[in-house]
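Q: Before we start, here is the structure in question, set down as structure tokens.
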Amino acid sequence: EGNYSYAVDKATIEALITAVTNEAAKQQAAVDAEKARVAANEAAHNAVLDEIAALQASLDATKAAAAESYPDADVDKQVAAAQAAIDKAKAEAAAAKAAVKDEGNYSYAVDKATIEALITAVSNEAARDQAAKDAEAKRVADNEAAYKASIDEIAALQAALDAMKTKVAATYPDANVTAETVAAQSAIDKAEAGANAAKSAVILEGNYSYTVDTEGITALINAIETAAEAQRTAANEAAYQASLAEIQRLTDKLNEMKQTAAASYPDATVDTQVAAAQAALDKAKAEADAARAAVADEGNYSYAVDTAAIEALIKAVGDEAAKQQAAADAEKARVAANEAAHKAVLDEIAALQASLDA
């Protein structure tokens with residue numbers, strides 16, 4: 001019974017059906033938007049990572065270039081600063097990505113200018129530090145070379161002094177040049193001490209500066225030979241004067257002998273003996289002069305007057321005068337005795353003559 005009466009709420013159901021599509025589209029749009037957000041954030045993050053990687057590569061290349069071009073440079077501090085900035089950027093980029101994991105858009109900008117400045121600072125510091133170390137190495141090398149030049153100069157002076165000592169010892173064995181030798185050695189020792197002090201003064205900074213007084217030390221070295229030569233000359237002159245004094249003493253003795261002979265032996269003639277003695281004295285004087293001339297430039301005066309021979313010649317004057325005077329006196333006595341004997345005979349004859357006459 002009854003009439004079917006039901007009207008489907010088509011509008012409502014169609015609205016609900018439409019809502020399915022709409023919700024699907026909405027949700028799909030939301031999912032697509034989220035995917036796009038995630039993809040965009042990932043892309044943005046990857047772009048940042050690429051930028052950071054490029055900066056890391058730049059730092060690594062800069063470190064390698066610095067190590068090759070500036071091997072002595074110390075840039076650990078600058079490298080550490082740049083690396084820290086890169087690591088910080090990585091951490092901040094990761095944090096920015098984590099912050100938008102569920103919502104929001106990735107937003108992080110690498111401070112590229114700062115990091116590049118820090119990387120550039122590595123190169124700049126490497127160049128600066130290498131230049132400073134090169135300059136220091138050059139300073140040290142220049143100082144060492146200058147010091148060595150001083151030491152070589154001092155060594156040459158020491159060799160010259162040693163050679164002079166050897167020469168003087170051989171050429172002037174009797175010379176006493178201790179004072180002059182000590183003065184020269186002291187000057188050399190002082191020069192060496194001065195060079196060492198000048199080197200010590202510039203160990204950390206400054207340029208070596210020391211001048212060896214080569215001229216002054218050379219003069220002191222030459223003074224050794226000068227003193228030895230002066231002593232040789234003085235000794236030779238003294239020895240020569242001693243020879244002259246001895247010759248003069250013998251000359252005086254000959255003159256005294258001549259006077260004695262003339263007074264004591266008036267009848268003697270000893271010119272030959274006097275001439276012989278005088279000739280010996282003249283010869284001695286000539287030999288003394290020759291010995292002196294022979295050592296004018298080198299060598300030691302060596303001449304001894306033959307005093308014994310000359311004194312024997314002088315004595316011979318007196319002996320000959322006495323001998324001649326004795327002979328003359330004997331002859332006078334003989335003549336007088338003969339004259340007296342003759343007179344006695346004449347007196348005796350005269351007495352006989354007188355007796356005859358008587």
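Every chain in the structure tokens has a letter given in the order shown (A, B, ...), and although residue numbers restart at 1 in each chain, ligands are simply numbered from 1 in the order shown.
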Run DSSP on the backbone of this structure and report the residues of segment 105-289 of chain A it assigns to helix (DSSP H, G or I), as a PyMOL selection string.
A: chain A and resi 112-171+178-201+214-264+271-289
Q: Would you kindly return, as a PyMOL selection string, each protein, DNA or RNA residue with an atom no farther than 12 Å from any atom of segment 172-175 of chain A, considering only C-alpha atoms and excluding same-chain residues fewer than 2 positions away?
A: chain A and resi 164-170+177-181+224-236+298-301
Q: Could you write out the selected residues, including N, CA and C atoms, as an mmCIF file, in the first residue's frame?
A:
data_model
loop_
_atom_site.group_PDB
_atom_site.id
_atom_site.type_symbol
_atom_site.label_atom_id
_atom_site.label_comp_id
_atom_site.auth_asym_id
_atom_site.auth_seq_id
_atom_site.Cartn_x
_atom_site.Cartn_y
_atom_site.Cartn_z
ATOM 1 N N MET A 164 156.189 36.239 11.179
ATOM 2 C CA MET A 164 157.156 37.243 11.629
ATOM 3 C C MET A 164 157.967 36.709 12.809
ATOM 4 N N LYS A 165 157.298 36.026 13.744
ATOM 5 C CA LYS A 165 158.009 35.456 14.891
ATOM 6 C C LYS A 165 159.057 34.441 14.424
ATOM 7 N N THR A 166 158.663 33.606 13.460
ATOM 8 C CA THR A 166 159.599 32.617 12.919
ATOM 9 C C THR A 166 160.773 33.302 12.232
ATOM 10 N N LYS A 167 160.466 34.314 11.454
ATOM 11 C CA LYS A 167 161.502 35.040 10.715
ATOM 12 C C LYS A 167 162.479 35.721 11.673
ATOM 13 N N VAL A 168 161.930 36.393 12.674
ATOM 14 C CA VAL A 168 162.790 37.111 13.630
ATOM 15 C C VAL A 168 163.642 36.130 14.427
ATOM 16 N N ALA A 169 163.027 34.993 14.806
ATOM 17 C CA ALA A 169 163.791 33.990 15.567
ATOM 18 C C ALA A 169 164.973 33.468 14.754
ATOM 19 N N ALA A 170 164.761 33.335 13.420
ATOM 20 C CA ALA A 170 165.834 32.824 12.565
ATOM 21 C C ALA A 170 166.847 33.902 12.211
ATOM 22 N N VAL A 177 162.215 40.584 21.596
ATOM 23 C CA VAL A 177 161.065 41.331 21.077
ATOM 24 C C VAL A 177 159.779 40.854 21.747
ATOM 25 N N THR A 178 159.899 40.430 22.998
ATOM 26 C CA THR A 178 158.736 39.925 23.734
ATOM 27 C C THR A 178 157.640 40.981 23.831
ATOM 28 N N ALA A 179 158.011 42.200 24.180
ATOM 29 C CA ALA A 179 157.017 43.267 24.352
ATOM 30 C C ALA A 179 156.280 43.530 23.050
ATOM 31 N N GLU A 180 157.033 43.603 21.952
ATOM 32 C CA GLU A 180 156.405 43.880 20.656
ATOM 33 C C GLU A 180 155.509 42.714 20.220
ATOM 34 N N THR A 181 155.959 41.486 20.478
ATOM 35 C CA THR A 181 155.163 40.309 20.108
ATOM 36 C C THR A 181 153.873 40.257 20.920
ATOM 37 N N ILE A 224 157.791 44.409 15.282
ATOM 38 C CA ILE A 224 158.629 43.343 15.847
ATOM 39 C C ILE A 224 159.951 43.279 15.099
ATOM 40 N N GLU A 225 159.876 43.262 13.773
ATOM 41 C CA GLU A 225 161.105 43.202 12.972
ATOM 42 C C GLU A 225 161.897 44.489 13.116
ATOM 43 N N THR A 226 161.164 45.609 13.186
ATOM 44 C CA THR A 226 161.847 46.894 13.349
ATOM 45 C C THR A 226 162.642 46.915 14.643
ATOM 46 N N ALA A 227 162.007 46.423 15.725
ATOM 47 C CA ALA A 227 162.692 46.393 17.025
ATOM 48 C C ALA A 227 163.887 45.443 16.984
ATOM 49 N N ALA A 228 163.686 44.276 16.347
ATOM 50 C CA ALA A 228 164.780 43.309 16.250
ATOM 51 C C ALA A 228 165.938 43.896 15.445
ATOM 52 N N GLU A 229 165.606 44.569 14.350
ATOM 53 C CA GLU A 229 166.643 45.188 13.521
ATOM 54 C C GLU A 229 167.368 46.284 14.284
ATOM 55 N N ALA A 230 166.601 47.062 15.064
ATOM 56 C CA ALA A 230 167.218 48.123 15.867
ATOM 57 C C ALA A 230 168.182 47.519 16.889
ATOM 58 N N GLN A 231 167.737 46.413 17.500
ATOM 59 C CA GLN A 231 168.610 45.749 18.469
ATOM 60 C C GLN A 231 169.855 45.185 17.783
ATOM 61 N N ARG A 232 169.662 44.591 16.608
ATOM 62 C CA ARG A 232 170.808 44.059 15.863
ATOM 63 C C ARG A 232 171.784 45.171 15.521
ATOM 64 N N THR A 233 171.242 46.273 15.015
ATOM 65 C CA THR A 233 172.097 47.404 14.636
ATOM 66 C C THR A 233 172.839 47.951 15.851
ATOM 67 N N ALA A 234 172.091 48.088 16.963
ATOM 68 C CA ALA A 234 172.712 48.617 18.181
ATOM 69 C C ALA A 234 173.783 47.663 18.695
ATOM 70 N N ALA A 235 173.481 46.350 18.683
ATOM 71 C CA ALA A 235 174.453 45.364 19.160
ATOM 72 C C ALA A 235 175.684 45.349 18.265
ATOM 73 N N ASN A 236 175.445 45.431 16.944
ATOM 74 C CA ASN A 236 176.580 45.462 16.009
ATOM 75 C C ASN A 236 177.432 46.703 16.229
ATOM 76 N N GLU A 298 172.107 42.940 7.233
ATOM 77 C CA GLU A 298 171.676 41.753 7.956
ATOM 78 C C GLU A 298 172.887 41.075 8.589
ATOM 79 N N GLY A 299 172.597 40.211 9.563
ATOM 80 C CA GLY A 299 173.672 39.481 10.222
ATOM 81 C C GLY A 299 174.202 40.205 11.447
ATOM 82 N N ASN A 300 174.970 39.480 12.230
ATOM 83 C CA ASN A 300 175.524 40.025 13.460
ATOM 84 C C ASN A 300 177.026 40.264 13.303
ATOM 85 N N TYR A 301 177.472 41.388 13.809
ATOM 86 C CA TYR A 301 178.891 41.757 13.767
ATOM 87 C C TYR A 301 179.704 40.691 14.458
#
Q: When you look at segment 58-71 of chain A with a cut-off of 12 Å (counting only C-alpha atoms), what residues show up, excluding the ones that are within fewer than 4 positions of it in the same chain? I need them as a VMD selection string.
A: chain A and resid 51 to 54 75 to 87 112 115 to 134
Q: In terms of the shortest atom-to-atom distance over only C-alpha atoms, which of A:Ser243, A:Ala44, A:Leu313, A:Thr251 is closest to Ala276 of chain A?
A: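 Using only C-alpha atoms, the shortest distance to Ala276 of chain A belongs to A:Leu313.
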Q: Which is closest to Asp252 of chain A among A:Val140, A:Ile314, A:Val212, A:Ala279, if we use only C-alpha atoms?
A: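 The shortest atom-to-atom distance to Asp252 of chain A comes from A:Ile314.
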Q: Using only C-alpha atoms, which of the listed residues (A:Ala321, A:Ala354, A:Ala288, A:Ala245) sits closest to Asp271 of chain A?
A: A:Ala321
Q: From the list A:Ala93, A:Asp319, A:Glu331, A:Tyr265, which residue is nearest Asp50 of chain A when using only C-alpha atoms?
A: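 Nearest candidate to Asp50 of chain A out of A:Ala93, A:Asp319, A:Glu331, A:Tyr265: A:Ala93.
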Q: Please compute the atom CA of Asn196 of chain A-atom CA of Ala219 of chain A distance, one decimal, in Å.
A: 22.9 Å
Q: Can you work out which one of A:Glu215, A:Glu320, A:Glu42, A:Asp72 has the shortest atom-to-atom distance to Ala135 of chain A, counting only C-alpha atoms?
A: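 Ranking A:Glu215, A:Glu320, A:Glu42, A:Asp72 by distance to Ala135 of chain A, first place goes to A:Asp72.
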Q: Counting only C-alpha atoms, which of A:Gln248, A:Thr171, A:Ser186, A:Asn255 gets nearest to Ala284 of chain A?
A: A:Gln248
Q: Tell me, as a PyMOL selection string, which residues lie within 12 Å of Asp213 of chain A, counting only C-alpha atoms; anything in the same chain fewer than 5 positions away does not count.
A: chain A and resi 150+153-154+157+184+187-192+194-195+218-220
Q: Store the residues of this selection in a file with N, CA and C atoms, as a PDB file, in the first residue's frame.
A:
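Contents of out10.pdb, freshly written:
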ATOM      1  N   SER A 150     135.706  38.873   8.719  1.00  0.00           N
ATOM      2  CA  SER A 150     136.505  39.418   9.823  1.00  0.00           C
ATOM      3  C   SER A 150     137.439  38.358  10.387  1.00  0.00           C
ATOM      4  N   GLU A 153     140.212  37.667   8.086  1.00  0.00           N
ATOM      5  CA  GLU A 153     141.179  38.770   8.130  1.00  0.00           C
ATOM      6  C   GLU A 153     142.055  38.652   9.376  1.00  0.00           C
ATOM      7  N   ILE A 154     141.419  38.308  10.484  1.00  0.00           N
ATOM      8  CA  ILE A 154     142.159  38.128  11.740  1.00  0.00           C
ATOM      9  C   ILE A 154     143.097  36.934  11.624  1.00  0.00           C
ATOM     10  N   LEU A 157     146.111  37.881   9.791  1.00  0.00           N
ATOM     11  CA  LEU A 157     147.007  38.668  10.647  1.00  0.00           C
ATOM     12  C   LEU A 157     147.757  37.753  11.620  1.00  0.00           C
ATOM     13  N   ALA A 184     151.357  42.838  19.628  1.00  0.00           N
ATOM     14  CA  ALA A 184     150.692  42.416  18.390  1.00  0.00           C
ATOM     15  C   ALA A 184     149.675  41.315  18.668  1.00  0.00           C
ATOM     16  N   ALA A 187     146.579  42.680  20.332  1.00  0.00           N
ATOM     17  CA  ALA A 187     145.726  43.387  19.370  1.00  0.00           C
ATOM     18  C   ALA A 187     144.911  42.402  18.545  1.00  0.00           C
ATOM     19  N   ILE A 188     145.532  41.288  18.158  1.00  0.00           N
ATOM     20  CA  ILE A 188     144.813  40.266  17.389  1.00  0.00           C
ATOM     21  C   ILE A 188     143.725  39.628  18.260  1.00  0.00           C
ATOM     22  N   ASP A 189     144.069  39.295  19.500  1.00  0.00           N
ATOM     23  CA  ASP A 189     143.083  38.696  20.412  1.00  0.00           C
ATOM     24  C   ASP A 189     141.922  39.659  20.656  1.00  0.00           C
ATOM     25  N   LYS A 190     142.236  40.941  20.786  1.00  0.00           N
ATOM     26  CA  LYS A 190     141.199  41.950  20.987  1.00  0.00           C
ATOM     27  C   LYS A 190     140.294  42.037  19.769  1.00  0.00           C
ATOM     28  N   ALA A 191     140.883  41.962  18.591  1.00  0.00           N
ATOM     29  CA  ALA A 191     140.098  42.005  17.352  1.00  0.00           C
ATOM     30  C   ALA A 191     139.158  40.810  17.279  1.00  0.00           C
ATOM     31  N   GLU A 192     139.662  39.629  17.643  1.00  0.00           N
ATOM     32  CA  GLU A 192     138.824  38.429  17.605  1.00  0.00           C
ATOM     33  C   GLU A 192     137.666  38.550  18.593  1.00  0.00           C
ATOM     34  N   GLY A 194     136.366  41.325  19.647  1.00  0.00           N
ATOM     35  CA  GLY A 194     135.453  42.327  19.107  1.00  0.00           C
ATOM     36  C   GLY A 194     134.554  41.761  18.033  1.00  0.00           C
ATOM     37  N   ALA A 195     135.112  40.922  17.163  1.00  0.00           N
ATOM     38  CA  ALA A 195     134.316  40.297  16.100  1.00  0.00           C
ATOM     39  C   ALA A 195     133.260  39.370  16.703  1.00  0.00           C
ATOM     40  N   THR A 218     148.930  45.347  11.571  1.00  0.00           N
ATOM     41  CA  THR A 218     150.065  45.109  10.674  1.00  0.00           C
ATOM     42  C   THR A 218     151.267  45.942  11.115  1.00  0.00           C
ATOM     43  N   ALA A 219     150.990  47.169  11.532  1.00  0.00           N
ATOM     44  CA  ALA A 219     152.076  48.034  12.014  1.00  0.00           C
ATOM     45  C   ALA A 219     152.726  47.431  13.253  1.00  0.00           C
ATOM     46  N   LEU A 220     151.901  46.858  14.147  1.00  0.00           N
ATOM     47  CA  LEU A 220     152.453  46.225  15.352  1.00  0.00           C
ATOM     48  C   LEU A 220     153.288  44.998  14.989  1.00  0.00           C
TER      49      LEU A 220
END
Q: Do you have the atom CA of Thr269 of chain A-atom CA of Glu287 of chain A distance handy?
A: 29.2 Å
Q: For Arg37 of chain A, work out the shell of residues within 8 Å, counting only C-alpha atoms and skipping chain neighbours fewer than 3 positions away, then give it as an mmCIF file with N, CA and C atoms, in the first residue's frame.
A:
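File written: selection34.cif
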data_model
loop_
_atom_site.group_PDB
_atom_site.id
_atom_site.type_symbol
_atom_site.label_atom_id
_atom_site.label_comp_id
_atom_site.auth_asym_id
_atom_site.auth_seq_id
_atom_site.Cartn_x
_atom_site.Cartn_y
_atom_site.Cartn_z
ATOM 1 N N ALA A 33 52.868 20.810 -2.573
ATOM 2 C CA ALA A 33 53.505 22.023 -2.044
ATOM 3 C C ALA A 33 54.602 21.654 -1.052
ATOM 4 N N GLU A 34 54.314 20.629 -0.210
ATOM 5 C CA GLU A 34 55.319 20.192 0.787
ATOM 6 C C GLU A 34 56.536 19.589 0.089
ATOM 7 N N ALA A 40 62.742 22.385 -2.685
ATOM 8 C CA ALA A 40 63.370 23.715 -2.776
ATOM 9 C C ALA A 40 64.371 23.924 -1.649
ATOM 10 N N ASN A 41 63.971 23.476 -0.443
ATOM 11 C CA ASN A 41 64.890 23.607 0.701
ATOM 12 C C ASN A 41 66.152 22.767 0.476
ATOM 13 N N GLY A 104 58.250 25.781 6.659
ATOM 14 C CA GLY A 104 59.097 26.927 6.406
ATOM 15 C C GLY A 104 60.038 26.701 5.246
ATOM 16 N N ASN A 105 60.592 27.804 4.787
ATOM 17 C CA ASN A 105 61.495 27.770 3.642
ATOM 18 C C ASN A 105 62.942 27.969 4.099
#
